Amino acid sequence: MALVVALACCTMAKARAADDLYRAQTVLTGQGEANRMIGFAACLEDVLIKVSGALKLAGDPRLQPYKARASEFVKAYRYHDKMSGTPVRDEQGTRDRPYDLFVDFDDQKINGILSELGLKPWLSRPVLGVFVAMEQGARTYVVSSDARASDLQRDALLAAADKRGLRIILPDEAALARSSLTGPGLATRPSSALAQAVADQGAELVLIGHLRWDDADLGWATDWHFDWQGRPYRWQFRGVTFDEAFRRGIGGAAQILSGNGDPL
């Protein structure tokens, strides 16, 4: 009986994970149909990237015909009031109220679009250990799973991983201390050495990022490193928020792992 229950739980977990790949969310103002159609289109692009792993689809003009009729691919949707608990004061306030829109897409229809685009679903996904050093002036630290100093960056990394359909593991402060890991020394450490700090939590591969604040760009200069199948990958960009840097960093790793080429 215990074995049957365990297998059933495992099957349910896999089914839930597969369903999550075909789900996306965005933020809208109000629940009007016009805004909902805009939300469906944005979520469709996100889901196509999420399911395929192909970050290069972002902004691809080939998606426009599909986005124009995005509602045809929607299986279900729901709203979450971001101001839940705050009274609605008037009719204008109702229209201006912000909502999270959660959209579930039909998996067969999404797979069909990907096939027309020359892509395929990427369903077998490793767990990534993610090490990110943040450098702002004299202050340098590594984003961890338990330090209050990196609460914002941790939440942003987890959100970026969820958006790309990946599970990530962040090192805790104890693991960083045991490994003598600091921000400045992170980029020079081999992936194999870093992997030991998160291996017991199930991480299979390591993604390394270094973000340095640039006053001239009013944004983060970002450098990502990833080793896969004996080949080192590196991609860089500048002048972005750390949220966007994390989305591009994790998205780049997803594009490599899914066989969709080098990060842009």
# chains A, B, ... in the order shown; residues from 1 in each chain; ligands from 1
>>> residues_around(residues="A:Asp104", least_positions_apart="5", cutoff="7 Å", atoms="only C-alpha atoms", output="tab-separated table (two decimals) with C-alpha atoms, in the first residue's frame")
chain	number	residue	atom	x	y	z
A	22	TYR	CA	1.51	25.33	-19.94
A	23	ARG	CA	0.54	28.02	-17.43
A	24	ALA	CA	1.60	31.67	-17.42
A	74	VAL	CA	-6.66	29.12	-23.73
A	75	LYS	CA	-8.08	26.23	-21.68
A	76	ALA	CA	-8.89	28.20	-18.52
A	77	TYR	CA	-8.05	31.44	-16.75
>>> residues_around(residues="stretch 140-154 of chain A", least_positions_apart="3", cutoff="10 Å", atoms="only C-alpha atoms", output="PyMOL selection string")
chain A and resi 130-137+157-160+169-176+181-184+186+209-212+242-243+246
>>> closest_atom_pairs(of="stretch 89-174 of chain A", to="stretch 35-45 of chain A", cutoff="8 Å", atoms="only C-alpha atoms", output="CSV")
residue,atom,partner,partner_atom,distance
A:Leu101,CA,A:Gly39,CA,7.2
A:Val103,CA,A:Cys43,CA,7.0
A:Phe105,CA,A:Leu44,CA,7.9
>>> write_last_selection(atoms="N, CA, C and O atoms", output="PDB file, in the first residue's frame")
ATOM      1  N   LEU A 101      -3.451  37.825 -13.691  1.00  0.00           N
ATOM      2  CA  LEU A 101      -4.205  36.952 -14.583  1.00  0.00           C
ATOM      3  C   LEU A 101      -3.405  35.662 -14.772  1.00  0.00           C
ATOM      4  O   LEU A 101      -2.266  35.702 -15.238  1.00  0.00           O
ATOM      5  N   VAL A 103      -3.262  32.056 -16.679  1.00  0.00           N
ATOM      6  CA  VAL A 103      -3.820  31.462 -17.889  1.00  0.00           C
ATOM      7  C   VAL A 103      -3.256  30.060 -18.087  1.00  0.00           C
ATOM      8  O   VAL A 103      -2.036  29.862 -18.084  1.00  0.00           O
ATOM      9  N   PHE A 105      -3.061  27.053 -20.817  1.00  0.00           N
ATOM     10  CA  PHE A 105      -3.213  26.829 -22.248  1.00  0.00           C
ATOM     11  C   PHE A 105      -3.369  25.340 -22.538  1.00  0.00           C
ATOM     12  O   PHE A 105      -2.889  24.477 -21.786  1.00  0.00           O
TER      13      PHE A 105
END
>>> closest_atom_pairs(of="stretch 136-195 of chain A", to="stretch 251-255 of chain A", cutoff="12 Å", atoms="only C-alpha atoms", output="tab-separated table")
residue	atom	partner	partner_atom	distance
A:Leu157	CA	A:Gly251	CA	11.2
A:Ala159	CA	A:Gly251	CA	11.8
A:Ala160	CA	A:Gly251	CA	8.1
A:Ala161	CA	A:Gly251	CA	8.0
A:Asp162	CA	A:Gly251	CA	10.5
A:Lys163	CA	A:Gly251	CA	8.8
A:Arg164	CA	A:Gly251	CA	6.2
A:Gly165	CA	A:Ala254	CA	8.7
A:Leu166	CA	A:Ala254	CA	7.9
A:Arg167	CA	A:Ala254	CA	11.0
A:Ile168	CA	A:Ala253	CA	11.5
>>> residues_around(residues="A:Leu63", least_positions_apart="6", cutoff="12 Å", atoms="only C-alpha atoms", output="PyMOL selection string")
chain A and resi 41-49+56-57+69-70+110+113-114+116-117
>>> write_last_selection(atoms="N, CA, C and O atoms", output="PDB file, in the first residue's frame")
ATOM      1  N   ALA A  41      -2.337  37.328 -24.934  1.00  0.00           N
ATOM      2  CA  ALA A  41      -1.248  37.384 -25.920  1.00  0.00           C
ATOM      3  C   ALA A  41       0.111  37.354 -25.238  1.00  0.00           C
ATOM      4  O   ALA A  41       1.033  36.646 -25.673  1.00  0.00           O
ATOM      5  N   ALA A  42       0.255  38.130 -24.160  1.00  0.00           N
ATOM      6  CA  ALA A  42       1.528  38.154 -23.434  1.00  0.00           C
ATOM      7  C   ALA A  42       1.822  36.787 -22.822  1.00  0.00           C
ATOM      8  O   ALA A  42       2.967  36.294 -22.873  1.00  0.00           O
ATOM      9  N   CYS A  43       0.802  36.153 -22.263  1.00  0.00           N
ATOM     10  CA  CYS A  43       0.990  34.844 -21.639  1.00  0.00           C
ATOM     11  C   CYS A  43       1.294  33.769 -22.680  1.00  0.00           C
ATOM     12  O   CYS A  43       2.058  32.834 -22.404  1.00  0.00           O
ATOM     13  N   LEU A  44       0.725  33.907 -23.869  1.00  0.00           N
ATOM     14  CA  LEU A  44       1.000  32.930 -24.921  1.00  0.00           C
ATOM     15  C   LEU A  44       2.478  32.941 -25.284  1.00  0.00           C
ATOM     16  O   LEU A  44       3.108  31.873 -25.414  1.00  0.00           O
ATOM     17  N   GLU A  45       3.063  34.122 -25.453  1.00  0.00           N
ATOM     18  CA  GLU A  45       4.490  34.191 -25.766  1.00  0.00           C
ATOM     19  C   GLU A  45       5.305  33.574 -24.646  1.00  0.00           C
ATOM     20  O   GLU A  45       6.250  32.801 -24.897  1.00  0.00           O
ATOM     21  N   ASP A  46       4.953  33.873 -23.406  1.00  0.00           N
ATOM     22  CA  ASP A  46       5.685  33.312 -22.268  1.00  0.00           C
ATOM     23  C   ASP A  46       5.607  31.792 -22.248  1.00  0.00           C
ATOM     24  O   ASP A  46       6.599  31.106 -21.973  1.00  0.00           O
ATOM     25  N   VAL A  47       4.425  31.237 -22.525  1.00  0.00           N
ATOM     26  CA  VAL A  47       4.254  29.785 -22.475  1.00  0.00           C
ATOM     27  C   VAL A  47       5.018  29.107 -23.613  1.00  0.00           C
ATOM     28  O   VAL A  47       5.613  28.039 -23.413  1.00  0.00           O
ATOM     29  N   LEU A  48       5.027  29.704 -24.793  1.00  0.00           N
ATOM     30  CA  LEU A  48       5.785  29.118 -25.893  1.00  0.00           C
ATOM     31  C   LEU A  48       7.276  29.068 -25.573  1.00  0.00           C
ATOM     32  O   LEU A  48       7.972  28.084 -25.885  1.00  0.00           O
ATOM     33  N   ILE A  49       7.779  30.119 -24.922  1.00  0.00           N
ATOM     34  CA  ILE A  49       9.183  30.127 -24.496  1.00  0.00           C
ATOM     35  C   ILE A  49       9.401  29.109 -23.383  1.00  0.00           C
ATOM     36  O   ILE A  49      10.383  28.357 -23.386  1.00  0.00           O
ATOM     37  N   LYS A  56      14.908  32.663 -27.496  1.00  0.00           N
ATOM     38  CA  LYS A  56      15.013  33.435 -28.732  1.00  0.00           C
ATOM     39  C   LYS A  56      13.645  33.758 -29.336  1.00  0.00           C
ATOM     40  O   LYS A  56      13.544  34.591 -30.250  1.00  0.00           O
ATOM     41  N   LEU A  57      12.571  33.136 -28.836  1.00  0.00           N
ATOM     42  CA  LEU A  57      11.226  33.452 -29.315  1.00  0.00           C
ATOM     43  C   LEU A  57      10.722  34.801 -28.815  1.00  0.00           C
ATOM     44  O   LEU A  57       9.756  35.337 -29.351  1.00  0.00           O
ATOM     45  N   ARG A  69      -4.814  35.797 -31.985  1.00  0.00           N
ATOM     46  CA  ARG A  69      -5.955  34.932 -31.658  1.00  0.00           C
ATOM     47  C   ARG A  69      -5.613  34.019 -30.471  1.00  0.00           C
ATOM     48  O   ARG A  69      -5.983  32.843 -30.438  1.00  0.00           O
ATOM     49  N   ALA A  70      -4.911  34.608 -29.499  1.00  0.00           N
ATOM     50  CA  ALA A  70      -4.416  33.839 -28.357  1.00  0.00           C
ATOM     51  C   ALA A  70      -5.528  33.152 -27.578  1.00  0.00           C
ATOM     52  O   ALA A  70      -5.330  32.082 -26.995  1.00  0.00           O
ATOM     53  N   ILE A 110      -0.601  24.193 -27.932  1.00  0.00           N
ATOM     54  CA  ILE A 110       0.709  24.832 -27.782  1.00  0.00           C
ATOM     55  C   ILE A 110       1.775  24.008 -28.491  1.00  0.00           C
ATOM     56  O   ILE A 110       2.634  24.551 -29.208  1.00  0.00           O
ATOM     57  N   ILE A 113       1.609  24.711 -32.181  1.00  0.00           N
ATOM     58  CA  ILE A 113       2.243  25.965 -32.581  1.00  0.00           C
ATOM     59  C   ILE A 113       3.757  25.794 -32.646  1.00  0.00           C
ATOM     60  O   ILE A 113       4.408  26.228 -33.603  1.00  0.00           O
ATOM     61  N   LEU A 114       4.316  25.157 -31.630  1.00  0.00           N
ATOM     62  CA  LEU A 114       5.765  24.948 -31.613  1.00  0.00           C
ATOM     63  C   LEU A 114       6.210  24.142 -32.836  1.00  0.00           C
ATOM     64  O   LEU A 114       7.244  24.432 -33.448  1.00  0.00           O
ATOM     65  N   GLU A 116       4.812  24.085 -35.748  1.00  0.00           N
ATOM     66  CA  GLU A 116       4.764  24.976 -36.906  1.00  0.00           C
ATOM     67  C   GLU A 116       5.949  25.936 -36.932  1.00  0.00           C
ATOM     68  O   GLU A 116       6.373  26.387 -38.005  1.00  0.00           O
ATOM     69  N   LEU A 117       6.506  26.227 -35.748  1.00  0.00           N
ATOM     70  CA  LEU A 117       7.656  27.118 -35.656  1.00  0.00           C
ATOM     71  C   LEU A 117       8.983  26.355 -35.758  1.00  0.00           C
ATOM     72  O   LEU A 117      10.062  26.950 -35.653  1.00  0.00           O
TER      73      LEU A 117
END
>>> select_by_dssp(residues="stretch 8-252 of chain A", states="helix (DSSP H, G or I)", output="VMD selection string")
chain A and resid 8 to 21 33 to 52 55 to 57 61 to 68 70 to 73 91 to 96 107 to 116 148 to 163 173 to 178 183 to 186 191 to 201 242 to 252
>>> atom_distance(atom1="atom CA of A:Pro190", atom2="atom CA of A:Ala245")
21.7 Å
>>> closest_residue(among="A:Gly239, A:Arg97, A:Val27, A:Asp217", to="A:Arg78", atoms="only C-alpha atoms")
A:Val27
>>> select_by_dssp(residues="stretch 36-92 of chain A", states="strand (DSSP E or B)", output="list in words")
Val74, Lys75, Ala76, Tyr77, Arg78, Tyr79, His80 and Asp81 of chain A
>>> write_last_selection(atoms="all heavy atoms", output="CSV table (one decimal), in the first residue's frame")
chain,number,residue,atom,x,y,z
A,74,VAL,N,-6.5,29.1,-25.2
A,74,VAL,CA,-6.7,29.1,-23.7
A,74,VAL,C,-7.6,28.0,-23.3
A,74,VAL,O,-8.7,27.9,-23.9
A,74,VAL,CB,-7.2,30.5,-23.3
A,74,VAL,CG1,-7.5,30.5,-21.8
A,74,VAL,CG2,-6.2,31.6,-23.6
A,75,LYS,N,-7.2,27.3,-22.3
A,75,LYS,CA,-8.1,26.2,-21.7
A,75,LYS,C,-8.9,26.8,-20.5
A,75,LYS,O,-10.0,26.5,-20.3
A,75,LYS,CB,-7.2,25.0,-21.3
A,75,LYS,CG,-8.0,23.9,-20.7
A,75,LYS,CD,-7.1,22.6,-20.5
A,75,LYS,CE,-5.9,22.9,-19.6
A,75,LYS,NZ,-5.1,21.6,-19.4
A,76,ALA,N,-8.2,27.6,-19.7
A,76,ALA,CA,-8.9,28.2,-18.5
A,76,ALA,C,-8.1,29.4,-18.1
A,76,ALA,O,-6.9,29.5,-18.4
A,76,ALA,CB,-9.0,27.2,-17.4
A,77,TYR,N,-8.7,30.3,-17.3
A,77,TYR,CA,-8.0,31.4,-16.7
A,77,TYR,C,-8.7,31.9,-15.5
A,77,TYR,O,-9.9,31.5,-15.2
A,77,TYR,CB,-8.0,32.6,-17.7
A,77,TYR,CG,-9.3,33.3,-18.0
A,77,TYR,CD1,-9.8,34.3,-17.3
A,77,TYR,CD2,-10.1,32.8,-19.1
A,77,TYR,CE1,-11.0,34.9,-17.6
A,77,TYR,CE2,-11.3,33.4,-19.4
A,77,TYR,CZ,-11.8,34.5,-18.6
A,77,TYR,OH,-13.0,35.1,-18.9
A,78,ARG,N,-8.0,32.6,-14.6
A,78,ARG,CA,-8.6,33.1,-13.4
A,78,ARG,C,-7.8,34.4,-13.0
A,78,ARG,O,-6.7,34.6,-13.5
A,78,ARG,CB,-8.5,32.1,-12.3
A,78,ARG,CG,-7.1,31.7,-11.8
A,78,ARG,CD,-7.1,30.7,-10.7
A,78,ARG,NE,-5.8,30.3,-10.3
A,78,ARG,CZ,-5.0,31.0,-9.4
A,78,ARG,NH1,-5.5,32.1,-8.8
A,78,ARG,NH2,-3.8,30.6,-9.1
A,79,TYR,N,-8.5,35.2,-12.2
A,79,TYR,CA,-7.9,36.4,-11.7
A,79,TYR,C,-7.6,36.3,-10.2
A,79,TYR,O,-8.3,35.6,-9.5
A,79,TYR,CB,-8.9,37.6,-11.9
A,79,TYR,CG,-9.0,38.1,-13.3
A,79,TYR,CD1,-10.2,37.6,-14.1
A,79,TYR,CD2,-8.1,38.9,-13.9
A,79,TYR,CE1,-10.4,38.1,-15.4
A,79,TYR,CE2,-8.3,39.4,-15.2
A,79,TYR,CZ,-9.4,38.9,-15.9
A,79,TYR,OH,-9.6,39.4,-17.2
A,80,HIS,N,-6.6,37.1,-9.8
A,80,HIS,CA,-6.3,37.2,-8.4
A,80,HIS,C,-6.2,38.7,-8.1
A,80,HIS,O,-5.4,39.4,-8.7
A,80,HIS,CB,-5.0,36.5,-7.9
A,80,HIS,CG,-4.6,36.9,-6.5
A,80,HIS,ND1,-3.6,37.8,-6.3
A,80,HIS,CD2,-5.1,36.5,-5.3
A,80,HIS,CE1,-3.5,37.9,-4.9
A,80,HIS,NE2,-4.4,37.1,-4.4
A,81,ASP,N,-7.0,39.2,-7.2
A,81,ASP,CA,-7.0,40.7,-6.9
A,81,ASP,C,-5.8,41.0,-6.1
A,81,ASP,O,-5.6,40.5,-5.0
A,81,ASP,CB,-8.3,41.0,-6.1
A,81,ASP,CG,-8.5,42.5,-5.8
A,81,ASP,OD1,-7.5,43.3,-6.1
A,81,ASP,OD2,-9.6,42.8,-5.4
>>> atom_distance(atom1="atom CA of A:Leu205", atom2="atom CA of A:Gln229")
10.6 Å
